[in-house]
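Colleague: File name query24.cif; file contents mmCIF, C-alpha atoms (C1' of nucleotides); chains and numbers go by the auth columns; full text below.
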```cif
data_run
loop_
_atom_site.group_PDB
_atom_site.id
_atom_site.type_symbol
_atom_site.label_atom_id
_atom_site.label_comp_id
_atom_site.label_asym_id
_atom_site.label_seq_id
_atom_site.Cartn_x
_atom_site.Cartn_y
_atom_site.Cartn_z
_atom_site.B_iso_or_equiv
_atom_site.auth_seq_id
_atom_site.auth_asym_id
ATOM 1 C CA MET A 1 86.230 157.718 61.382 0.00 1 P
ATOM 2 C CA ASP A 2 88.581 159.911 63.364 0.00 2 P
ATOM 3 C CA LYS A 3 92.355 159.871 63.201 0.00 3 P
ATOM 4 C CA VAL A 4 92.791 158.138 66.546 0.00 4 P
ATOM 5 C CA GLN A 5 90.747 155.199 65.405 0.00 5 P
ATOM 6 C CA LYS A 6 92.477 155.040 62.055 0.00 6 P
ATOM 7 C CA THR A 7 95.849 154.885 63.788 0.00 7 P
ATOM 8 C CA PHE A 8 94.542 152.168 66.073 0.00 8 P
ATOM 9 C CA ARG A 9 93.453 150.039 63.142 0.00 9 P
ATOM 10 C CA ILE A 10 96.727 150.407 61.291 0.00 10 P
ATOM 11 C CA LYS A 11 98.747 149.523 64.357 0.00 11 P
ATOM 12 C CA LEU A 12 96.595 146.560 65.240 0.00 12 P
ATOM 13 C CA GLY A 13 97.184 145.284 61.732 0.00 13 P
ATOM 14 C CA ARG A 14 100.903 145.743 62.041 0.00 14 P
ATOM 15 C CA ARG A 15 100.866 143.978 65.381 0.00 15 P
ATOM 16 C CA ILE A 16 99.002 140.985 63.993 0.00 16 P
ATOM 17 C CA GLU A 17 101.418 140.787 61.086 0.00 17 P
ATOM 18 C CA GLN A 18 104.399 141.073 63.362 0.00 18 P
ATOM 19 C CA LEU A 19 103.286 138.359 65.750 0.00 19 P
ATOM 20 C CA ARG A 20 102.303 136.123 62.877 0.00 20 P
ATOM 21 C CA GLU A 21 105.681 136.506 61.183 0.00 21 P
ATOM 22 C CA ASP A 22 107.487 135.944 64.462 0.00 22 P
ATOM 23 C CA ARG A 23 105.795 132.559 64.498 0.00 23 P
ATOM 24 C CA HIS A 24 106.595 131.850 60.864 0.00 24 P
ATOM 25 C CA ILE A 25 103.038 131.185 59.901 0.00 25 P
ATOM 26 C CA GLU A 26 101.204 132.414 56.830 0.00 26 P
ATOM 27 C CA GLN A 27 98.040 134.474 56.711 0.00 27 P
ATOM 28 C CA GLY A 28 96.157 131.415 55.518 0.00 28 P
ATOM 29 C CA ALA A 29 97.452 129.302 58.382 0.00 29 P
ATOM 30 C CA LEU A 30 96.510 131.864 61.001 0.00 30 P
ATOM 31 C CA ALA A 31 93.133 132.252 59.362 0.00 31 P
ATOM 32 C CA ALA A 32 92.554 128.505 59.379 0.00 32 P
ATOM 33 C CA MET A 33 93.147 128.424 63.126 0.00 33 P
ATOM 34 C CA ILE A 34 90.064 130.521 63.622 0.00 34 P
ATOM 35 C CA GLY A 35 88.034 128.985 60.835 0.00 35 P
ATOM 36 C CA LYS A 36 88.507 131.775 58.310 0.00 36 P
ATOM 37 C CA ASP A 37 90.428 132.268 55.063 0.00 37 P
ATOM 38 C CA LYS A 38 93.564 134.263 54.263 0.00 38 P
ATOM 39 C CA GLN A 39 91.618 137.247 52.927 0.00 39 P
ATOM 40 C CA PHE A 40 89.934 137.616 56.278 0.00 40 P
ATOM 41 C CA ILE A 41 93.242 138.077 58.064 0.00 41 P
ATOM 42 C CA ASN A 42 94.643 140.210 55.288 0.00 42 P
ATOM 43 C CA ARG A 43 91.869 142.698 55.909 0.00 43 P
ATOM 44 C CA TYR A 44 93.160 143.358 59.402 0.00 44 P
ATOM 45 C CA GLU A 45 96.809 143.364 58.453 0.00 45 P
ATOM 46 C CA ARG A 46 96.542 145.522 55.356 0.00 46 P
ATOM 47 C CA GLN A 47 93.132 147.026 55.033 0.00 47 P
ATOM 48 C CA GLY A 48 92.579 148.591 58.424 0.00 48 P
ATOM 49 C CA ALA A 49 89.564 146.604 59.528 0.00 49 P
ATOM 50 C CA ASN A 50 88.479 146.740 63.163 0.00 50 P
ATOM 51 C CA PRO A 51 87.624 143.251 64.446 0.00 51 P
ATOM 52 C CA THR A 52 84.943 142.639 67.029 0.00 52 P
ATOM 53 C CA ALA A 53 86.119 141.817 70.535 0.00 53 P
ATOM 54 C CA PHE A 54 85.360 138.155 69.967 0.00 54 P
ATOM 55 C CA ILE A 55 87.493 137.949 66.838 0.00 55 P
ATOM 56 C CA LEU A 56 90.268 139.901 68.526 0.00 56 P
ATOM 57 C CA VAL A 57 90.400 137.313 71.288 0.00 57 P
ATOM 58 C CA GLN A 58 90.353 134.479 68.770 0.00 58 P
ATOM 59 C CA ILE A 59 93.307 135.982 66.924 0.00 59 P
ATOM 60 C CA ALA A 60 95.212 136.522 70.150 0.00 60 P
ATOM 61 C CA GLU A 61 94.629 132.926 71.165 0.00 61 P
ATOM 62 C CA ALA A 62 95.709 131.661 67.761 0.00 62 P
ATOM 63 C CA LEU A 63 98.908 133.666 68.098 0.00 63 P
ATOM 64 C CA ASN A 64 99.404 132.440 71.639 0.00 64 P
ATOM 65 C CA VAL A 65 99.426 135.885 73.159 0.00 65 P
ATOM 66 C CA THR A 66 97.101 137.777 75.446 0.00 66 P
ATOM 67 C CA ALA A 67 94.809 140.511 74.182 0.00 67 P
ATOM 68 C CA ASN A 68 97.041 143.004 75.968 0.00 68 P
ATOM 69 C CA ASP A 69 100.040 141.748 74.071 0.00 69 P
ATOM 70 C CA LEU A 70 98.242 141.999 70.772 0.00 70 P
ATOM 71 C CA LEU A 71 97.172 145.524 71.663 0.00 71 P
ATOM 72 C CA ASP A 72 100.558 146.626 72.958 0.00 72 P
ATOM 73 C CA PHE A 73 101.599 148.852 70.104 0.00 73 P
ATOM 74 C CA SER A 74 104.762 149.898 71.887 0.00 74 P
ATOM 75 C CA LYS A 75 106.096 146.534 70.830 0.00 75 P
ATOM 76 C CA LEU A 76 105.867 147.443 67.176 0.00 76 P
ATOM 77 C CA LYS A 77 109.285 147.525 65.609 0.00 77 P
ATOM 78 C CA THR A 78 108.361 150.130 63.014 0.00 78 P
ATOM 79 C CA SER A 79 106.542 152.064 65.648 0.00 79 P
ATOM 80 C CA LYS A 80 106.080 155.322 63.767 0.00 80 P
ATOM 81 C CA ASP A 81 104.068 156.399 66.749 0.00 81 P
ATOM 82 C CA MET B 1 75.985 132.962 66.286 0.00 1 T
ATOM 83 C CA ASP B 2 77.362 129.939 68.082 0.00 2 T
ATOM 84 C CA LYS B 3 77.127 129.207 71.774 0.00 3 T
ATOM 85 C CA VAL B 4 80.748 130.034 72.485 0.00 4 T
ATOM 86 C CA GLN B 5 80.307 133.508 71.143 0.00 5 T
ATOM 87 C CA LYS B 6 77.035 134.021 72.958 0.00 6 T
ATOM 88 C CA THR B 7 78.684 133.087 76.236 0.00 7 T
ATOM 89 C CA PHE B 8 81.537 135.454 75.485 0.00 8 T
ATOM 90 C CA ARG B 9 79.140 138.342 74.929 0.00 9 T
ATOM 91 C CA ILE B 10 77.185 137.703 78.105 0.00 10 T
ATOM 92 C CA LYS B 11 80.326 137.461 80.197 0.00 11 T
ATOM 93 C CA LEU B 12 81.872 140.561 78.690 0.00 12 T
ATOM 94 C CA GLY B 13 78.705 142.403 79.616 0.00 13 T
ATOM 95 C CA ARG B 14 78.813 141.115 83.148 0.00 14 T
ATOM 96 C CA ARG B 15 82.467 142.093 83.409 0.00 15 T
ATOM 97 C CA ILE B 16 81.792 145.635 82.240 0.00 16 T
ATOM 98 C CA GLU B 17 78.950 145.949 84.715 0.00 17 T
ATOM 99 C CA GLN B 18 81.031 144.542 87.522 0.00 18 T
ATOM 100 C CA LEU B 19 83.974 146.850 86.947 0.00 19 T
ATOM 101 C CA ARG B 20 81.674 149.813 86.526 0.00 20 T
ATOM 102 C CA GLU B 21 79.861 149.088 89.779 0.00 21 T
ATOM 103 C CA ASP B 22 83.134 148.542 91.597 0.00 22 T
ATOM 104 C CA ARG B 23 83.946 152.121 90.657 0.00 23 T
ATOM 105 C CA HIS B 24 80.515 153.405 91.669 0.00 24 T
ATOM 106 C CA ILE B 25 79.808 155.001 88.354 0.00 25 T
ATOM 107 C CA GLU B 26 76.581 154.872 86.367 0.00 26 T
ATOM 108 C CA GLN B 27 76.098 153.616 82.854 0.00 27 T
ATOM 109 C CA GLY B 28 75.632 157.184 81.688 0.00 28 T
ATOM 110 C CA ALA B 29 78.854 158.307 83.325 0.00 29 T
ATOM 111 C CA LEU B 30 80.874 155.499 81.798 0.00 30 T
ATOM 112 C CA ALA B 31 79.268 156.204 78.455 0.00 31 T
ATOM 113 C CA ALA B 32 80.103 159.895 78.688 0.00 32 T
ATOM 114 C CA MET B 33 83.763 159.042 79.198 0.00 33 T
ATOM 115 C CA ILE B 34 83.860 157.585 75.729 0.00 34 T
ATOM 116 C CA GLY B 35 81.522 160.082 74.136 0.00 35 T
ATOM 117 C CA LYS B 36 78.440 157.867 74.060 0.00 36 T
ATOM 118 C CA ASP B 37 75.122 157.673 75.908 0.00 37 T
ATOM 119 C CA LYS B 38 73.874 155.286 78.567 0.00 38 T
ATOM 120 C CA GLN B 39 71.957 153.130 76.087 0.00 39 T
ATOM 121 C CA PHE B 40 75.172 152.417 74.275 0.00 40 T
ATOM 122 C CA ILE B 41 76.753 150.900 77.374 0.00 41 T
ATOM 123 C CA ASN B 42 73.548 149.155 78.354 0.00 42 T
ATOM 124 C CA ARG B 43 73.676 147.253 75.108 0.00 43 T
ATOM 125 C CA TYR B 44 76.914 145.590 76.148 0.00 44 T
ATOM 126 C CA GLU B 45 75.908 145.014 79.734 0.00 45 T
ATOM 127 C CA ARG B 46 72.437 143.684 79.104 0.00 46 T
ATOM 128 C CA GLN B 47 71.858 143.036 75.466 0.00 47 T
ATOM 129 C CA GLY B 48 74.851 140.927 74.512 0.00 48 T
ATOM 130 C CA ALA B 49 76.403 143.235 71.956 0.00 49 T
ATOM 131 C CA ASN B 50 79.954 142.563 70.779 0.00 50 T
ATOM 132 C CA PRO B 51 81.981 145.787 70.648 0.00 51 T
ATOM 133 C CA THR B 52 84.698 146.386 68.101 0.00 52 T
ATOM 134 C CA ALA B 53 88.280 146.175 69.340 0.00 53 T
ATOM 135 C CA PHE B 54 88.516 149.943 69.389 0.00 54 T
ATOM 136 C CA ILE B 55 85.453 150.366 71.593 0.00 55 T
ATOM 137 C CA LEU B 56 86.634 147.545 73.843 0.00 56 T
ATOM 138 C CA VAL B 57 89.882 149.390 74.463 0.00 57 T
ATOM 139 C CA GLN B 58 88.045 152.648 75.067 0.00 58 T
ATOM 140 C CA ILE B 59 85.844 150.987 77.678 0.00 59 T
ATOM 141 C CA ALA B 60 88.845 149.371 79.351 0.00 60 T
ATOM 142 C CA GLU B 61 90.612 152.706 79.520 0.00 61 T
ATOM 143 C CA ALA B 62 87.530 154.420 80.922 0.00 62 T
ATOM 144 C CA LEU B 63 87.357 151.749 83.613 0.00 63 T
ATOM 145 C CA ASN B 64 91.065 152.054 84.277 0.00 64 T
ATOM 146 C CA VAL B 65 91.815 148.447 83.527 0.00 65 T
ATOM 147 C CA THR B 66 93.697 146.639 80.787 0.00 66 T
ATOM 148 C CA ALA B 67 91.937 144.795 78.010 0.00 67 T
ATOM 149 C CA ASN B 68 93.093 141.563 79.617 0.00 68 T
ATOM 150 C CA ASP B 69 91.453 142.531 82.848 0.00 69 T
ATOM 151 C CA LEU B 70 88.206 143.378 81.118 0.00 70 T
ATOM 152 C CA LEU B 71 88.352 140.047 79.303 0.00 71 T
ATOM 153 C CA ASP B 72 89.294 138.013 82.355 0.00 72 T
ATOM 154 C CA PHE B 73 86.018 136.265 82.961 0.00 73 T
ATOM 155 C CA SER B 74 87.469 134.218 85.799 0.00 74 T
ATOM 156 C CA LYS B 75 87.125 137.374 87.847 0.00 75 T
ATOM 157 C CA LEU B 76 83.373 137.324 87.520 0.00 76 T
ATOM 158 C CA LYS B 77 81.749 136.873 90.873 0.00 77 T
ATOM 159 C CA THR B 78 78.675 135.137 89.516 0.00 78 T
ATOM 160 C CA SER B 79 80.847 133.076 87.268 0.00 79 T
ATOM 161 C CA LYS B 80 78.294 130.500 86.201 0.00 80 T
ATOM 162 C CA ASP B 81 81.015 129.223 83.928 0.00 81 T
ATOM 163 C "C1'" DT C 1 51.859 162.912 94.391 0.00 1 O
ATOM 164 C "C1'" DT C 2 55.221 164.645 91.396 0.00 2 O
ATOM 165 C "C1'" DT C 3 59.757 164.883 89.825 0.00 3 O
ATOM 166 C "C1'" DG C 4 64.098 163.217 88.471 0.00 4 O
ATOM 167 C "C1'" DA C 5 67.789 159.778 88.080 0.00 5 O
ATOM 168 C "C1'" DA C 6 69.260 155.303 86.592 0.00 6 O
ATOM 169 C "C1'" DG C 7 68.540 151.275 84.103 0.00 7 O
ATOM 170 C "C1'" DT C 8 66.367 148.775 80.375 0.00 8 O
ATOM 171 C "C1'" DA C 9 64.684 147.839 75.869 0.00 9 O
ATOM 172 C "C1'" DA C 10 62.843 148.462 71.122 0.00 10 O
ATOM 173 C "C1'" DA C 11 63.229 150.618 66.696 0.00 11 O
ATOM 174 C "C1'" DC C 12 65.390 152.753 62.963 0.00 12 O
ATOM 175 C "C1'" DA C 13 68.969 154.376 59.537 0.00 13 O
ATOM 176 C "C1'" DA C 14 73.741 154.441 58.545 0.00 14 O
ATOM 177 C "C1'" DA C 15 78.047 152.554 58.728 0.00 15 O
ATOM 178 C "C1'" DT C 16 80.876 148.662 59.319 0.00 16 O
ATOM 179 C "C1'" DT C 17 82.127 143.862 59.914 0.00 17 O
ATOM 180 C "C1'" DT C 18 81.549 139.272 58.365 0.00 18 O
ATOM 181 C "C1'" DG C 19 81.593 135.751 54.952 0.00 19 O
ATOM 182 C "C1'" DT C 20 82.732 134.646 50.463 0.00 20 O
ATOM 183 C "C1'" DT C 21 84.355 134.787 45.760 0.00 21 O
ATOM 184 C "C1'" DG C 22 87.248 136.101 42.023 0.00 22 O
ATOM 185 C "C1'" DA C 23 91.243 138.061 40.457 0.00 23 O
ATOM 186 C "C1'" DC C 24 95.922 139.652 40.264 0.00 24 O
ATOM 187 C "C1'" DC C 25 100.997 139.892 41.390 0.00 25 O
ATOM 188 C "C1'" DA C 26 105.626 138.321 42.830 0.00 26 O
ATOM 189 C "C1'" DA C 27 108.575 134.697 43.985 0.00 27 O
ATOM 190 C "C1'" DC C 28 109.755 130.209 43.672 0.00 28 O
ATOM 191 C "C1'" DT C 29 109.522 125.372 41.644 0.00 29 O
ATOM 192 C "C1'" DT C 30 109.026 121.991 38.295 0.00 30 O
ATOM 193 C "C1'" DA D 1 106.922 128.095 30.222 0.00 1 L
ATOM 194 C "C1'" DA D 2 103.633 126.405 33.376 0.00 2 L
ATOM 195 C "C1'" DG D 3 102.206 125.700 37.959 0.00 3 L
ATOM 196 C "C1'" DT D 4 102.185 126.693 42.990 0.00 4 L
ATOM 197 C "C1'" DT D 5 102.253 129.464 47.038 0.00 5 L
ATOM 198 C "C1'" DG D 6 101.620 133.551 49.774 0.00 6 L
ATOM 199 C "C1'" DG D 7 100.010 138.037 49.780 0.00 7 L
ATOM 200 C "C1'" DT D 8 96.880 141.697 48.211 0.00 8 L
ATOM 201 C "C1'" DC D 9 92.756 143.865 46.773 0.00 9 L
ATOM 202 C "C1'" DA D 10 87.907 144.651 45.005 0.00 10 L
ATOM 203 C "C1'" DA D 11 83.231 143.477 45.161 0.00 11 L
ATOM 204 C "C1'" DC D 12 79.048 141.722 46.887 0.00 12 L
ATOM 205 C "C1'" DA D 13 75.277 140.147 50.131 0.00 13 L
ATOM 206 C "C1'" DA D 14 74.201 139.300 54.817 0.00 14 L
ATOM 207 C "C1'" DA D 15 74.690 140.173 59.409 0.00 15 L
ATOM 208 C "C1'" DT D 16 76.018 143.154 62.976 0.00 16 L
ATOM 209 C "C1'" DT D 17 77.586 147.341 65.228 0.00 17 L
ATOM 210 C "C1'" DT D 18 77.052 152.165 65.682 0.00 18 L
ATOM 211 C "C1'" DG D 19 74.463 156.259 66.520 0.00 19 L
ATOM 212 C "C1'" DT D 20 70.296 158.062 67.945 0.00 20 L
ATOM 213 C "C1'" DT D 21 65.631 158.481 69.567 0.00 21 L
ATOM 214 C "C1'" DT D 22 61.639 157.207 72.179 0.00 22 L
ATOM 215 C "C1'" DA D 23 59.656 155.038 75.920 0.00 23 L
ATOM 216 C "C1'" DC D 24 58.897 152.307 79.935 0.00 24 L
ATOM 217 C "C1'" DT D 25 60.046 150.883 84.855 0.00 25 L
ATOM 218 C "C1'" DT D 26 61.824 151.364 89.437 0.00 26 L
ATOM 219 C "C1'" DC D 27 63.486 153.870 93.059 0.00 27 L
ATOM 220 C "C1'" DA D 28 64.339 157.772 95.808 0.00 28 L
ATOM 221 C "C1'" DA D 29 63.762 162.531 96.843 0.00 29 L
ATOM 222 C "C1'" DA D 30 61.174 166.742 97.042 0.00 30 L
#
```
Could I get this structure in the form of structure tokens?
Modeller:
Amino acid sequence: MDKVQKTFRIKLGRRIEQLREDRHIEQGALAAMIGKDKQFINRYERQGANPTAFILVQIAEALNVTANDLLDFSKLKTSKD
Amino acid sequence: MDKVQKTFRIKLGRRIEQLREDRHIEQGALAAMIGKDKQFINRYERQGANPTAFILVQIAEALNVTANDLLDFSKLKTSKD
DNA sequence: TTTGAAGTAAACAAATTTGTTGACCAACTT
DNA sequence: AAGTTGGTCAACAAATTTGTTTACTTCAAA
């Protein structure tokens, strides 16, 4: 896996975490919205997993944002670019 | 795989094809833009494959559209919803 | 007719995601 | 102290994507 992709994964995880915390919901609650468990979400937030497009859209919908918003890494607070 | 996901995959494929044809580029040319071959793109367009988020973004960038645009199935001409 | 380009599909190994379980830690509560 | 909650991580099988190759078809051009 190249560096570009690794950075992408880390940032996507941070973005999911950020949006989730903005909404004051727990990993388990977000997971439940898409029929998964907390470990499933934790893998994206902390373990650099790369979801399929379908899961990405499901997460975005659960967070009430568009895919673009979820993928807009410029919105990361700790945006160590 | 449930029906919702199957529909998603088919529509994503149609959307990729549509945007690609709008730009008058071939499968092989689009593929080359992201360092892949024509069969790789054909799998999304015709064989219902579900790309990872990273590949989805790469395809969107190659097509010069946002992820939202690529995922906006309401823009499908043949939108047998 | 032959050649090449573009699209399509199957097959295969390798890598990764998905789905699930078990376990651990820190913080807070009872 | 014991129990609960939220977060984290490792491990495993199963399913899927990724990467690559081979091959077939159609169409158009030479």
Colleague: Expressed in Å to a single decimal, how great is the separation between CA of Phe73 in chain P and CA of Ala67 in chain T?
Modeller: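 Calculated distance between CA of Phe73 in chain P and CA of Ala67 in chain T is 13.1 Å.
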Colleague: For each of L:DT18, L:DG6, L:DA1, L:DT25, take the minimum atom-to-atom distance to DC12 in chain O, counting only C-alpha atoms (C1' of nucleotides), then give the residue where this is smallest.
Modeller: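 That would be L:DT18, the residue with the smallest distance to DC12 in chain O.
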Colleague: Using all atoms listed in the file, which residues sit within 12 Å of range 34-37 of chain T once same-chain residues fewer than 5 positions away are excluded, as a PyMOL selection string?
Modeller: (chain T and resi 26-29+42-43+54-63) or (chain L and resi 18-21)
Colleague: Nearest residue to chain P out of O:DA15, O:DA5, O:DA10, O:DA27, using all atoms listed in the file?
Modeller: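 Using all atoms listed in the file, chain P sits closest to O:DA15.
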Colleague: What does the PyMOL selection byres ((chain L) within 9 of (chain P)) select in this file, as JSON, numbers by chain?
Modeller: {"L": [6, 7, 8, 9, 17]}
Colleague: Please enumerate the residues selected by the PyMOL selection byres ((chain O and resi 19) around 10) when evaluated against the supplied file, formatted as a list in words.
Modeller: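 Taken on the displayed file, the PyMOL selection byres ((chain O and resi 19) around 10) yields the residues Lys36, Asp37 and Phe40 of chain P; DT17, DT18, DT20 and DT21 of chain O; DA13, DA14 and DA15 of chain L.
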Colleague: Limit the output to N, CA and C atoms (P, O5', C5', C4', C3', O3' and C1' of nucleotides) and give range 2-28 of chain O as a compact mmCIF listing (two decimals), in the first residue's frame.
Modeller:
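Written out: result.txt:
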```
# COMPACT_ATOMS: atom_id res chain seq x y z
P DT O 2 -7.40 -13.91 -44.11
O5' DT O 2 -6.64 -12.68 -43.45
C5' DT O 2 -5.81 -11.87 -44.28
C4' DT O 2 -5.38 -10.63 -43.51
C3' DT O 2 -5.05 -10.87 -42.03
O3' DT O 2 -3.79 -10.28 -41.77
C1' DT O 2 -6.59 -9.09 -42.24
P DT O 3 -3.01 -10.51 -40.35
O5' DT O 3 -3.14 -9.08 -39.65
C5' DT O 3 -2.96 -7.91 -40.43
C4' DT O 3 -3.47 -6.70 -39.66
C3' DT O 3 -3.23 -6.78 -38.16
O3' DT O 3 -2.36 -5.73 -37.77
C1' DT O 3 -5.48 -6.09 -38.65
P DG O 4 -1.82 -5.67 -36.19
O5' DG O 4 -2.81 -4.61 -35.53
C5' DG O 4 -3.03 -3.36 -36.17
C4' DG O 4 -4.19 -2.63 -35.50
C3' DG O 4 -4.12 -2.61 -33.97
O3' DG O 4 -4.31 -1.28 -33.53
C1' DG O 4 -6.24 -3.41 -34.69
P DA O 5 -4.08 -0.93 -31.96
O5' DA O 5 -5.49 -0.33 -31.54
C5' DA O 5 -6.20 0.51 -32.46
C4' DA O 5 -7.63 0.69 -32.00
C3' DA O 5 -7.80 0.86 -30.49
O3' DA O 5 -8.76 1.86 -30.24
C1' DA O 5 -9.03 -1.02 -31.22
P DA O 6 -8.88 2.46 -28.73
O5' DA O 6 -10.19 1.75 -28.19
C5' DA O 6 -11.42 1.97 -28.87
C4' DA O 6 -12.47 1.03 -28.32
C3' DA O 6 -12.55 0.96 -26.79
O3' DA O 6 -13.84 1.42 -26.38
C1' DA O 6 -12.55 -1.21 -27.75
P DG O 7 -14.26 1.46 -24.83
O5' DG O 7 -15.01 0.06 -24.64
C5' DG O 7 -16.08 -0.26 -25.51
C4' DG O 7 -16.51 -1.70 -25.30
C3' DG O 7 -16.82 -2.07 -23.84
O3' DG O 7 -18.16 -2.54 -23.77
C1' DG O 7 -15.45 -3.71 -24.87
P DT O 8 -18.82 -2.87 -22.30
O5' DT O 8 -18.52 -4.42 -22.13
C5' DT O 8 -19.01 -5.33 -23.10
C4' DT O 8 -18.51 -6.72 -22.81
C3' DT O 8 -18.65 -7.17 -21.35
O3' DT O 8 -19.72 -8.07 -21.25
C1' DT O 8 -16.58 -7.85 -22.33
P DA O 9 -20.26 -8.57 -19.86
O5' DA O 9 -19.31 -9.82 -19.56
C5' DA O 9 -19.22 -10.85 -20.53
C4' DA O 9 -18.13 -11.82 -20.15
C3' DA O 9 -18.11 -12.24 -18.67
O3' DA O 9 -18.30 -13.64 -18.61
C1' DA O 9 -15.94 -11.78 -19.47
P DA O 10 -18.69 -14.33 -17.23
O5' DA O 10 -17.49 -15.39 -17.06
C5' DA O 10 -17.06 -16.12 -18.20
C4' DA O 10 -15.69 -16.72 -17.96
C3' DA O 10 -15.50 -17.30 -16.56
O3' DA O 10 -14.92 -18.59 -16.67
C1' DA O 10 -13.77 -15.74 -17.04
P DA O 11 -14.84 -19.52 -15.38
O5' DA O 11 -13.30 -19.42 -14.97
C5' DA O 11 -12.30 -19.52 -15.98
C4' DA O 11 -10.94 -19.25 -15.38
C3' DA O 11 -10.80 -19.70 -13.93
O3' DA O 11 -9.62 -20.47 -13.78
C1' DA O 11 -10.14 -17.45 -14.16
P DC O 12 -9.49 -21.52 -12.57
O5' DC O 12 -8.35 -20.86 -11.68
C5' DC O 12 -7.07 -20.60 -12.27
C4' DC O 12 -6.37 -19.48 -11.53
C3' DC O 12 -6.45 -19.57 -10.01
O3' DC O 12 -5.28 -20.24 -9.52
C1' DC O 12 -6.65 -17.31 -10.85
P DA O 13 -5.09 -20.47 -7.95
O5' DA O 13 -4.18 -19.24 -7.52
C5' DA O 13 -2.99 -18.96 -8.24
C4' DA O 13 -2.39 -17.65 -7.75
C3' DA O 13 -2.11 -17.60 -6.25
O3' DA O 13 -0.89 -16.89 -6.05
C1' DA O 13 -3.65 -15.89 -6.82
P DA O 14 -0.27 -16.72 -4.55
O5' DA O 14 -0.72 -15.24 -4.19
C5' DA O 14 -0.29 -14.16 -5.01
C4' DA O 14 -0.81 -12.86 -4.45
C3' DA O 14 -0.61 -12.70 -2.95
O3' DA O 14 -0.13 -11.39 -2.71
C1' DA O 14 -2.90 -12.42 -3.49
P DA O 15 0.39 -10.97 -1.22
O5' DA O 15 -0.69 -9.84 -0.83
C5' DA O 15 -1.03 -8.85 -1.78
C4' DA O 15 -2.35 -8.23 -1.40
C3' DA O 15 -2.46 -7.81 0.07
O3' DA O 15 -2.65 -6.41 0.12
C1' DA O 15 -4.42 -8.99 -0.65
P DT O 16 -2.81 -5.65 1.51
O5' DT O 16 -4.40 -5.58 1.67
C5' DT O 16 -5.18 -5.03 0.64
C4' DT O 16 -6.65 -5.22 0.95
C3' DT O 16 -7.05 -4.78 2.37
O3' DT O 16 -7.88 -3.64 2.24
C1' DT O 16 -8.05 -6.86 1.75
P DT O 17 -8.64 -3.02 3.52
O5' DT O 17 -10.11 -3.67 3.43
C5' DT O 17 -10.84 -3.53 2.23
C4' DT O 17 -12.16 -4.28 2.33
C3' DT O 17 -13.05 -3.85 3.51
O3' DT O 17 -14.40 -3.75 3.04
C1' DT O 17 -12.64 -6.18 3.61
P DT O 18 -15.59 -3.31 3.98
O5' DT O 18 -16.20 -4.69 4.50
C5' DT O 18 -16.67 -5.63 3.55
C4' DT O 18 -17.17 -6.88 4.26
C3' DT O 18 -18.11 -6.64 5.45
O3' DT O 18 -19.28 -7.42 5.23
C1' DT O 18 -16.39 -8.14 6.04
P DG O 19 -20.59 -7.21 6.12
O5' DG O 19 -20.40 -8.27 7.30
C5' DG O 19 -20.32 -9.64 6.97
C4' DG O 19 -20.01 -10.47 8.21
C3' DG O 19 -20.72 -10.00 9.49
O3' DG O 19 -21.43 -11.10 10.01
C1' DG O 19 -18.42 -10.41 9.88
P DT O 20 -22.34 -10.97 11.34
O5' DT O 20 -21.35 -11.48 12.50
C5' DT O 20 -20.66 -12.71 12.31
C4' DT O 20 -19.62 -12.90 13.40
C3' DT O 20 -20.05 -12.47 14.80
O3' DT O 20 -20.36 -13.64 15.55
C1' DT O 20 -17.75 -11.99 14.32
P DT O 21 -20.86 -13.56 17.07
O5' DT O 21 -19.53 -13.83 17.90
C5' DT O 21 -18.63 -14.88 17.51
C4' DT O 21 -17.34 -14.76 18.29
C3' DT O 21 -17.52 -14.43 19.77
O3' DT O 21 -17.07 -15.53 20.56
C1' DT O 21 -15.80 -13.10 18.77
P DG O 22 -17.25 -15.51 22.15
O5' DG O 22 -15.84 -14.96 22.64
C5' DG O 22 -14.65 -15.52 22.13
C4' DG O 22 -13.45 -14.76 22.65
C3' DG O 22 -13.58 -14.35 24.12
O3' DG O 22 -12.45 -14.81 24.84
C1' DG O 22 -13.02 -12.47 22.76
P DA O 23 -12.32 -14.53 26.44
O5' DA O 23 -11.34 -13.28 26.53
C5' DA O 23 -10.20 -13.23 25.69
C4' DA O 23 -9.61 -11.84 25.72
C3' DA O 23 -9.59 -11.22 27.11
O3' DA O 23 -8.24 -11.00 27.51
C1' DA O 23 -10.35 -9.67 25.47
P DC O 24 -7.84 -10.69 29.02
O5' DC O 24 -7.52 -9.12 29.01
C5' DC O 24 -6.55 -8.63 28.10
C4' DC O 24 -6.77 -7.15 27.91
C3' DC O 24 -6.84 -6.36 29.21
O3' DC O 24 -5.64 -5.59 29.35
C1' DC O 24 -8.48 -5.63 27.62
P DC O 25 -5.29 -4.87 30.73
O5' DC O 25 -5.78 -3.37 30.48
C5' DC O 25 -5.34 -2.70 29.30
C4' DC O 25 -6.06 -1.37 29.19
C3' DC O 25 -6.17 -0.61 30.51
O3' DC O 25 -5.62 0.69 30.34
C1' DC O 25 -8.30 -0.76 29.43
P DA O 26 -5.31 1.60 31.67
O5' DA O 26 -6.46 2.71 31.58
C5' DA O 26 -6.65 3.39 30.35
C4' DA O 26 -7.89 4.26 30.45
C3' DA O 26 -8.05 5.01 31.76
O3' DA O 26 -8.40 6.36 31.50
C1' DA O 26 -9.96 3.65 31.37
P DA O 27 -8.53 7.40 32.70
O5' DA O 27 -10.11 7.52 32.82
C5' DA O 27 -10.88 7.79 31.66
C4' DA O 27 -12.37 7.76 32.01
C3' DA O 27 -12.69 8.43 33.35
O3' DA O 27 -13.78 9.32 33.18
C1' DA O 27 -13.54 6.22 33.32
P DC O 28 -14.22 10.26 34.38
O5' DC O 28 -15.63 9.63 34.77
C5' DC O 28 -16.48 9.15 33.71
C4' DC O 28 -17.53 8.22 34.29
C3' DC O 28 -18.08 8.71 35.65
O3' DC O 28 -19.49 8.86 35.55
C1' DC O 28 -17.52 6.40 35.72
```
